[in-house]
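Structure data follow from coords-v2.txt (compact mmCIF, C-alpha atoms and all ligand atoms):
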# COMPACT_ATOMS: atom_id res chain seq x y z
CA MET A 563 -50.76 98.23 -73.10
CA SER A 564 -50.16 98.71 -69.40
CA ARG A 565 -46.95 100.02 -67.90
CA ILE A 566 -46.09 96.70 -66.35
CA HIS A 567 -46.42 94.93 -69.63
CA GLU A 568 -44.28 97.52 -71.36
CA ALA A 569 -41.67 97.18 -68.63
CA LEU A 570 -41.59 93.41 -68.90
CA LYS A 571 -41.29 93.67 -72.61
CA ARG A 572 -38.41 96.11 -72.32
CA ALA A 573 -36.70 93.96 -69.73
CA GLU A 574 -36.93 91.01 -72.04
CA GLU A 575 -35.58 92.97 -74.95
CA GLU A 576 -32.67 94.19 -72.87
CA ARG A 577 -31.65 90.78 -71.72
CA GLU A 578 -28.17 90.06 -72.85
CA ASN A 579 -28.07 86.35 -72.27
CA GLY A 580 -29.70 85.32 -75.48
CA VAL A 581 -33.10 84.46 -74.11
CA ALA A 582 -35.74 85.54 -76.60
CA ALA A 583 -37.37 88.93 -76.29
CA VAL A 584 -41.12 89.31 -76.14
CA SER A 585 -41.94 90.33 -79.65
CA ALA A 586 -45.46 89.25 -80.41
CA PRO A 587 -48.33 91.51 -79.45
CA ALA A 588 -50.20 90.64 -76.33
CA LEU A 589 -53.59 89.08 -76.55
CA ARG A 590 -56.39 91.00 -75.00
CA VAL A 591 -59.99 89.97 -74.90
CA GLU A 592 -63.10 91.50 -73.46
CA GLU A 593 -63.60 91.75 -69.77
CA SER A 594 -65.64 89.27 -67.86
CA ARG A 595 -69.11 90.36 -66.86
CA SER A 596 -69.07 87.86 -64.05
CA GLU A 597 -68.49 88.99 -60.49
CA PHE A 598 -64.85 89.27 -61.52
CA ALA A 599 -65.77 92.02 -63.89
CA SER A 600 -62.38 93.61 -63.80
CA SER A 601 -60.68 90.41 -64.68
CA GLY A 602 -59.03 89.77 -67.97
CA PRO A 603 -56.19 87.38 -68.46
CA ARG A 604 -53.99 88.58 -71.27
CA VAL A 605 -51.17 86.66 -72.73
CA SER A 606 -47.98 87.75 -74.35
CA GLU A 607 -46.02 85.20 -76.23
CA ASP A 608 -42.38 84.42 -75.66
CA ASP A 609 -42.05 81.17 -77.45
CA ARG A 610 -38.72 81.44 -79.16
CA SER A 611 -36.98 80.02 -76.12
CA LEU A 612 -39.01 76.87 -76.76
CA LYS A 613 -37.14 74.90 -79.34
CA ALA A 614 -39.17 73.52 -82.19
CA ASP A 615 -38.93 69.77 -81.98
CA SER A 616 -39.61 66.94 -84.29
CA GLN A 617 -39.33 64.10 -81.82
CA SER A 618 -42.15 61.62 -81.74
CA VAL A 619 -44.30 62.11 -78.68
CA SER A 620 -46.45 59.37 -77.28
CA GLU A 621 -50.11 60.30 -77.08
CA PRO A 622 -52.52 59.37 -74.30
CA GLY A 623 -54.13 56.20 -75.54
CA ASP A 624 -50.80 54.76 -76.71
CA VAL A 625 -50.11 53.58 -73.19
CA ASP A 626 -52.10 51.59 -70.66
CA ASP A 627 -54.38 54.07 -68.91
CA GLY A 628 -56.58 51.49 -67.25
CA PHE A 629 -56.23 52.97 -63.80
CA LEU A 630 -57.61 56.32 -64.94
CA THR A 631 -60.65 54.94 -66.69
CA ALA A 632 -61.34 52.70 -63.70
CA LEU A 633 -61.44 55.65 -61.29
CA PRO A 634 -64.96 56.42 -60.07
CA GLN A 635 -66.19 59.88 -61.01
CA GLN A 636 -66.35 62.16 -58.00
CA GLU A 637 -69.16 64.53 -57.10
CA TRP A 638 -67.50 67.92 -57.05
CA LYS A 639 -69.27 71.02 -55.81
CA PRO A 640 -67.41 73.72 -57.71
CA ASP A 641 -67.38 77.35 -56.66
CA LEU A 642 -69.26 78.69 -59.67
CA LYS A 643 -68.01 82.22 -59.15
CA ARG A 644 -64.47 81.04 -59.75
CA MET A 645 -65.02 78.14 -62.12
CA LEU A 646 -66.31 79.97 -65.14
CA PHE A 647 -66.99 76.95 -67.33
CA MET A 648 -68.77 74.89 -64.72
CA ASP A 649 -71.67 77.31 -64.33
CA ARG A 650 -74.26 75.89 -66.72
CA SER A 651 -76.29 79.09 -66.59
CA ARG A 652 -73.33 80.99 -68.05
CA HIS A 653 -73.66 80.30 -71.76
CA TYR A 654 -71.36 83.06 -72.88
CA ASP A 655 -69.01 85.12 -70.84
CA PRO A 656 -66.07 87.21 -72.02
CA GLY A 657 -64.01 85.67 -69.23
CA MET A 658 -64.52 82.24 -70.78
CA GLU A 659 -63.57 83.65 -74.15
CA GLU A 660 -60.32 84.87 -72.66
CA PHE A 661 -59.43 81.39 -71.53
CA ARG A 662 -60.27 80.00 -74.96
CA THR A 663 -57.88 82.52 -76.41
CA LEU A 664 -55.20 81.44 -73.98
CA ARG A 665 -55.87 77.85 -75.00
CA SER A 666 -55.44 78.75 -78.66
CA ARG A 667 -52.14 80.38 -77.86
CA LEU A 668 -50.92 77.22 -76.16
CA TYR A 669 -51.89 75.16 -79.18
CA GLN A 670 -49.94 77.52 -81.38
CA LEU A 671 -46.90 76.88 -79.19
CA LYS A 672 -47.60 73.15 -79.26
CA GLU A 673 -47.56 73.22 -83.04
CA LYS A 674 -43.91 74.16 -82.81
CA THR A 675 -43.04 72.11 -79.77
CA LYS A 676 -44.93 68.86 -79.94
CA SER A 677 -43.66 67.74 -76.55
CA LEU A 678 -45.19 70.74 -74.76
CA ARG A 679 -47.53 69.21 -72.24
CA THR A 680 -46.73 70.17 -68.64
CA ILE A 681 -47.33 73.82 -67.81
CA MET A 682 -46.70 75.45 -64.50
CA VAL A 683 -48.74 78.51 -63.60
CA ALA A 684 -46.63 80.88 -61.53
CA SER A 685 -46.72 84.36 -60.08
CA ALA A 686 -44.34 86.58 -58.26
CA LEU A 687 -46.53 87.26 -55.25
CA PRO A 688 -49.44 85.61 -53.46
CA GLY A 689 -52.97 86.28 -54.67
CA GLU A 690 -52.21 87.28 -58.26
CA GLY A 691 -54.53 84.63 -59.67
CA LYS A 692 -52.50 81.44 -60.23
CA THR A 693 -55.23 79.14 -59.02
CA PHE A 694 -57.95 81.05 -60.90
CA VAL A 695 -55.94 80.80 -64.12
CA SER A 696 -54.94 77.13 -63.60
CA THR A 697 -58.44 75.90 -62.94
CA ASN A 698 -60.12 77.87 -65.72
CA LEU A 699 -57.44 77.06 -68.25
CA ALA A 700 -57.82 73.36 -67.44
CA GLN A 701 -61.56 73.66 -67.99
CA ALA A 702 -61.06 75.37 -71.32
CA LEU A 703 -58.63 72.65 -72.42
CA VAL A 704 -60.78 69.74 -71.33
CA ARG A 705 -63.78 71.05 -73.25
CA GLN A 706 -62.15 70.09 -76.47
CA HIS A 707 -63.29 66.73 -77.65
CA GLY A 708 -61.11 63.88 -76.46
CA ARG A 709 -58.59 66.02 -74.59
CA ARG A 710 -57.59 64.65 -71.23
CA VAL A 711 -56.29 67.11 -68.65
CA LEU A 712 -54.67 66.73 -65.24
CA LEU A 713 -54.70 69.57 -62.74
CA ILE A 714 -52.14 69.39 -59.95
CA ASP A 715 -52.11 71.57 -56.87
CA ALA A 716 -48.38 71.80 -56.19
CA ASP A 717 -48.80 74.74 -53.83
CA VAL A 718 -48.21 72.43 -50.90
CA ARG A 719 -47.76 75.33 -48.48
CA LYS A 720 -51.26 76.62 -49.12
CA PRO A 721 -53.15 73.93 -51.05
CA HIS A 722 -56.47 75.61 -51.90
CA MET A 723 -57.33 74.44 -55.37
CA HIS A 724 -59.74 71.80 -54.09
CA GLN A 725 -61.92 74.63 -52.76
CA SER A 726 -62.48 76.07 -56.25
CA LEU A 727 -63.29 72.63 -57.61
CA GLY A 728 -65.33 71.62 -54.57
CA ALA A 729 -63.26 68.45 -54.46
CA ALA A 730 -61.83 66.44 -51.58
CA GLU A 731 -58.72 68.00 -50.05
CA ALA A 732 -56.89 64.72 -49.45
CA PRO A 733 -55.26 62.36 -50.14
CA GLY A 734 -53.04 64.54 -52.24
CA LEU A 735 -49.66 65.39 -53.61
CA VAL A 736 -47.94 65.49 -50.22
CA ASP A 737 -49.04 61.92 -49.52
CA TYR A 738 -47.42 60.84 -52.75
CA LEU A 739 -44.31 62.96 -52.25
CA SER A 740 -43.78 61.65 -48.74
CA GLY A 741 -44.00 58.11 -50.06
CA SER A 742 -47.05 57.13 -48.06
CA LEU A 743 -49.26 56.64 -51.15
CA ASN A 744 -48.64 55.69 -54.76
CA GLN A 745 -49.60 57.96 -57.66
CA GLU A 746 -52.76 56.05 -58.50
CA SER A 747 -54.14 56.69 -55.03
CA VAL A 748 -53.98 60.48 -55.19
CA VAL A 749 -55.66 61.12 -58.55
CA GLN A 750 -59.31 62.15 -58.51
CA ARG A 751 -61.58 61.91 -61.52
CA GLY A 752 -64.04 64.78 -61.70
CA PRO A 753 -67.57 64.98 -63.01
CA LEU A 754 -66.27 66.17 -66.38
CA ASP A 755 -65.19 62.99 -68.10
CA ASN A 756 -61.63 63.93 -68.90
CA LEU A 757 -60.67 66.27 -66.09
CA PHE A 758 -58.50 64.71 -63.40
CA PHE A 759 -57.11 66.32 -60.28
CA ILE A 760 -54.38 65.79 -57.72
CA PRO A 761 -55.07 68.00 -54.71
CA GLY A 762 -52.23 69.32 -52.59
CA GLY A 763 -53.31 67.32 -49.55
CA LYS A 764 -52.99 68.47 -45.97
CA ALA A 765 -50.42 71.24 -45.55
CA VAL A 766 -47.08 69.98 -44.25
CA SER A 767 -44.21 71.50 -42.30
CA ASN A 768 -41.45 70.56 -44.77
CA PRO A 769 -42.83 71.49 -48.22
CA SER A 770 -39.48 72.37 -49.82
CA GLU A 771 -37.91 69.03 -48.94
CA LEU A 772 -40.91 67.18 -50.33
CA ILE A 773 -40.90 69.17 -53.57
CA ALA A 774 -37.16 68.59 -53.98
CA ASN A 775 -37.05 64.86 -53.26
CA GLY A 776 -37.37 63.78 -56.90
CA ARG A 777 -40.79 62.18 -56.66
CA LEU A 778 -42.58 65.11 -58.28
CA LYS A 779 -40.39 64.80 -61.34
CA ALA A 780 -41.11 61.07 -61.49
CA LEU A 781 -44.85 61.71 -61.14
CA LEU A 782 -44.87 64.24 -63.97
CA GLU A 783 -42.81 61.92 -66.18
CA ASN A 784 -45.32 59.13 -65.67
CA MET A 785 -48.39 61.30 -66.04
CA ARG A 786 -47.30 62.99 -69.23
CA ASN A 787 -47.96 59.77 -71.13
CA LEU A 788 -51.54 59.70 -69.92
CA PHE A 789 -52.66 63.30 -70.47
CA HIS A 790 -52.74 65.79 -73.30
CA TRP A 791 -52.14 68.63 -70.86
CA ILE A 792 -50.95 68.83 -67.27
CA ILE A 793 -51.53 72.14 -65.51
CA VAL A 794 -49.55 72.63 -62.32
CA ASP A 795 -50.47 75.32 -59.80
CA SER A 796 -47.68 76.55 -57.56
CA SER A 797 -46.64 78.80 -54.71
CA PRO A 798 -45.65 82.40 -55.42
CA VAL A 799 -42.07 82.52 -56.58
CA VAL A 800 -40.56 85.51 -54.84
CA PRO A 801 -41.05 84.61 -51.18
CA VAL A 802 -40.13 80.90 -51.44
CA SER A 803 -38.14 78.63 -53.73
CA ASP A 804 -40.70 75.83 -54.19
CA ALA A 805 -42.02 77.21 -57.47
CA THR A 806 -38.61 77.17 -59.13
CA LEU A 807 -38.17 73.54 -58.14
CA VAL A 808 -41.60 72.65 -59.49
CA ALA A 809 -40.93 74.55 -62.71
CA SER A 810 -37.76 72.59 -63.36
CA ALA A 811 -39.92 69.47 -63.71
CA CYS A 812 -42.29 71.18 -66.19
CA ASP A 813 -42.03 72.06 -69.88
CA GLY A 814 -42.65 75.76 -69.36
CA VAL A 815 -44.13 78.46 -67.19
CA LEU A 816 -47.11 80.76 -67.60
CA LEU A 817 -46.42 83.81 -65.49
CA VAL A 818 -49.48 85.50 -64.01
CA LEU A 819 -49.16 89.18 -63.16
CA GLN A 820 -51.85 91.27 -61.59
CA ALA A 821 -52.45 94.27 -63.80
CA ASP A 822 -51.40 97.61 -62.32
CA THR A 823 -50.53 95.91 -59.04
CA THR A 824 -47.46 93.71 -59.34
CA PRO A 825 -44.41 95.97 -58.94
CA VAL A 826 -42.23 95.86 -62.03
CA THR A 827 -39.11 94.99 -60.04
CA ILE A 828 -40.87 92.05 -58.44
CA ALA A 829 -42.13 90.83 -61.81
CA GLN A 830 -38.61 91.04 -63.19
CA LYS A 831 -37.30 89.14 -60.18
CA ALA A 832 -39.81 86.38 -60.85
CA ARG A 833 -38.71 86.30 -64.47
CA GLN A 834 -35.12 85.93 -63.32
CA GLU A 835 -36.03 83.00 -61.09
CA PHE A 836 -37.11 81.15 -64.21
CA LYS A 837 -34.15 82.08 -66.33
CA ASN A 838 -33.46 78.46 -67.24
CA ILE A 839 -37.07 77.52 -67.91
CA PRO A 840 -39.09 78.59 -70.96
CA ILE A 841 -41.62 81.29 -70.18
CA LEU A 842 -44.55 80.41 -72.39
CA GLY A 843 -46.31 83.70 -71.82
CA VAL A 844 -47.46 86.32 -69.40
CA VAL A 845 -51.08 86.39 -68.28
CA LEU A 846 -52.05 89.89 -67.28
CA ASN A 847 -54.79 89.19 -64.80
CA ARG A 848 -57.55 91.59 -63.77
CA SER A 849 -56.73 93.93 -66.61
CA LYS A 850 -58.98 96.98 -66.79
CA GLU A 851 -57.97 97.90 -70.29
CA SER A 852 -61.04 98.62 -72.38
CA PRO A 853 -61.75 96.24 -75.26
CA ALA A 854 -61.62 99.19 -77.67
CA GLU A 855 -57.99 99.81 -76.82
CA SER A 856 -57.05 96.31 -77.64
CA SER A 857 -59.33 95.06 -80.36
CA TYR A 858 -56.32 94.42 -82.53
CA TYR A 859 -54.93 91.99 -80.02
CA TYR A 860 -58.25 90.25 -79.78
CA SER A 861 -58.52 89.55 -83.46
CA TYR A 862 -54.89 88.51 -83.54
CA GLY A 863 -55.60 85.84 -81.01
CA ARG A 864 -58.74 84.31 -82.45
CA ASN A 865 -58.41 80.74 -83.51
CA ARG A 866 -61.55 79.25 -84.92
CA THR A 867 -60.11 75.79 -85.12
CA PHE A 868 -60.37 75.42 -81.40
CA GLU A 869 -63.38 77.55 -80.71
CA GLN A 870 -65.65 75.22 -82.59
CA ASN A 871 -65.05 72.44 -80.09
CA SER A 872 -66.06 74.28 -76.98
N1 LIG A 901 -59.32 87.41 -63.06
C1 LIG A 901 -59.90 87.40 -61.86
N2 LIG A 901 -61.08 87.99 -61.73
C2 LIG A 901 -61.68 87.96 -60.54
N3 LIG A 901 -61.24 87.38 -59.43
C3 LIG A 901 -60.07 86.78 -59.51
C4 LIG A 901 -59.34 86.77 -60.72
N4 LIG A 901 -58.19 86.13 -60.50
C5 LIG A 901 -58.23 85.75 -59.20
N5 LIG A 901 -59.36 86.13 -58.60
C6 LIG A 901 -59.75 85.89 -57.22
O1 LIG A 901 -58.75 86.47 -56.40
C7 LIG A 901 -58.44 85.60 -55.32
C8 LIG A 901 -56.96 85.22 -55.41
O2 LIG A 901 -56.80 84.46 -56.60
P1 LIG A 901 -56.05 83.08 -56.58
O3 LIG A 901 -56.40 82.27 -55.39
O4 LIG A 901 -56.24 82.45 -57.91
O5 LIG A 901 -54.56 83.61 -56.45
P2 LIG A 901 -53.25 82.80 -56.19
O6 LIG A 901 -52.19 83.45 -56.98
O7 LIG A 901 -53.50 81.37 -56.47
O8 LIG A 901 -53.04 83.04 -54.65
P3 LIG A 901 -52.06 82.25 -53.66
O9 LIG A 901 -50.68 82.70 -53.98
O10 LIG A 901 -52.52 82.69 -52.30
O11 LIG A 901 -52.27 80.79 -53.91
C9 LIG A 901 -59.37 84.41 -55.42
O12 LIG A 901 -60.53 84.65 -54.63
C10 LIG A 901 -59.75 84.39 -56.88
O13 LIG A 901 -60.99 83.75 -57.10
MG MG A 902 -53.26 79.68 -55.33
Using structure tokens, write down the structure that the file contains.
Ligand SMILES: Nc1ncnc2c1ncn2[C@@H]1O[C@H](COP(=O)(O)OP(=O)(O)OP(=O)(O)O)[C@@H](O)[C@H]1O
Ligand SMILES: [Mg+2]
Amino acid sequence: MSRIHEALKRAEEERENGVAAVSAPALRVEESRSEFASSGPRVSEDDRSLKADSQSVSEPGDVDDGFLTALPQQEWKPDLKRMLFMDRSRHYDPGMEEFRTLRSRLYQLKEKTKSLRTIMVASALPGEGKTFVSTNLAQALVRQHGRRVLLIDADVRKPHMHQSLGAAEAPGLVDYLSGSLNQESVVQRGPLDNLFFIPGGKAVSNPSELIANGRLKALLENMRNLFHWIIVDSSPVVPVSDATLVASACDGVLLVLQADTTPVTIAQKARQEFKNIPILGVVLNRSKESPAESSYYYSYGRNRTFEQNS
């Protein structure tokens, strides 16, 4: 287990405000043999701050989703180096396996918290892998039969997710947030049947005001009835406040840390920023830990129920 992970774990355990400590072992799976060979998202679970719920949750299909099914499917030209699941020549890749493991973890959390649906992917600093994790996690989720997934690029300062997907940049979230377009006009339907996307749109000069104006919350409220999962990409949390605002409209946060790179103090600061929002887990990105060191974590995280669908 890397030093940063140990430090985060300790910090959690030392917290005096009652927020749950990280107690479950981290998941670790084999490294990718793709170009991103040193990559390896790893997840630690911190789910006790998510309250188990028994409320009835409406499922996509219970509500009128006519506008989604009527959307024409777009021709995306994905960047196959970044979009692990979209490369048809890549039948098996440890990187894909890592995202399946992350998916299994989320389903374990969902077992306890049925209403878990909207997940923000956050990081302390720029470039730690938020967009990489968001897009690949969405692909892993949508590969399960009948699951419908919405990806939202809420990094309206630097909206780049469309580049990974090879999708149109606009219209996008900023057009909806500024009130110039309705929600139906900014959703794209991708070539995979059940994967939908709201790009960030053209970068704007007043991103914080747009994020804070209440329309994002309304959008997520409406969309949660139409999708099994909504994955929201965001800006880095330490330099600007946008991510905290976005997170407050989501059910929980997945915190991406870059292994052996993110300073511990910065990671702790990011954790503090989300003190009122459940942290679903920590993804340790670009981990160089050898599979042998962590085989225990790997077997701990396997979940055959979901693997069979992908
Ligand atoms: N696990 C990984 N393995 C290999 N490359 C990765 C991995 N994670 C991210 N990258 C690459 O590193 C670069 C930065 O990642 P990404 O854009 O996802 O970071 P980000 O946190 O979204 O950055 P920003 O804060 O600027 O939006 C990208 O080129 C991405 O494809
Ligand atoms: Mg990004």
Per residue of chain A within 6 Å of ligand LIG 901 (chain A), record the nearest atom pair and its distance in Å to one decimal, counting all atoms listed in the file, with rows in chain order and ascending residue number, as CSV.
residue,atom,partner,partner_atom,distance
A:Phe598,CA,A:LIG901,C2,3.6
A:Ser601,CA,A:LIG901,N1,3.7
A:Gly602,CA,A:LIG901,N1,5.5
A:Arg644,CA,A:LIG901,O13,5.1
A:Pro688,CA,A:LIG901,O9,3.2
A:Gly689,CA,A:LIG901,O8,3.2
A:Glu690,CA,A:LIG901,O6,4.0
A:Gly691,CA,A:LIG901,O4,3.3
A:Lys692,CA,A:LIG901,O6,3.8
A:Thr693,CA,A:LIG901,O4,3.6
A:Phe694,CA,A:LIG901,O4,3.7
A:Ser797,CA,A:LIG901,O9,5.7
A:Pro798,CA,A:LIG901,O9,5.2
A:Asn847,CA,A:LIG901,N1,5.2
A:Arg848,CA,A:LIG901,N1,4.6
Using only C-alpha atoms, find each residue in stretch 682-718 of chain A having at least one atom no more than 10 Å away from stretch 727-738 of chain A; report its shortest atom-to-atom pair and that distance in Å (one decimal), rows by chain then rising number, as JSON lines.
{"residue": "A:Thr697", "atom": "CA", "partner": "A:Leu727", "partner_atom": "CA", "distance": 7.9}
{"residue": "A:Ile714", "atom": "CA", "partner": "A:Leu735", "partner_atom": "CA", "distance": 7.9}
{"residue": "A:Asp715", "atom": "CA", "partner": "A:Leu735", "partner_atom": "CA", "distance": 7.4}
{"residue": "A:Ala716", "atom": "CA", "partner": "A:Leu735", "partner_atom": "CA", "distance": 7.0}
{"residue": "A:Asp717", "atom": "CA", "partner": "A:Leu735", "partner_atom": "CA", "distance": 9.4}
{"residue": "A:Val718", "atom": "CA", "partner": "A:Val736", "partner_atom": "CA", "distance": 7.0}
Need the neighbours of (-45.1, 73.9, -58.6): which residues are at most 9 Å away, counting only C-alpha atoms, as a list in words?
->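 Counting only C-alpha atoms, I find these residues within 9 Å of (-45.1, 73.9, -58.6): Met682, Val683, Ala684, Ile714, Asp715, Ala716, Asp717, Val718, Ile773, Val794, Asp795, Ser796, Ser797, Asp804, Ala805, Thr806, Leu807, Val808, Ala809, Ser810, Ala811 and Cys812 of chain A.
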From the set A:Ser767, A:Asn838, A:Ser685, A:Thr827, which residue has the shortest atom-to-atom contact distance to ligand MG 902 (chain A), counting all atoms listed in the file?
->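 Smallest separation from ligand MG 902 (chain A) among the options: A:Ser685.
Atom CA of A:Gly763 sits 24.4 Å away from atom CA of A:Phe647.
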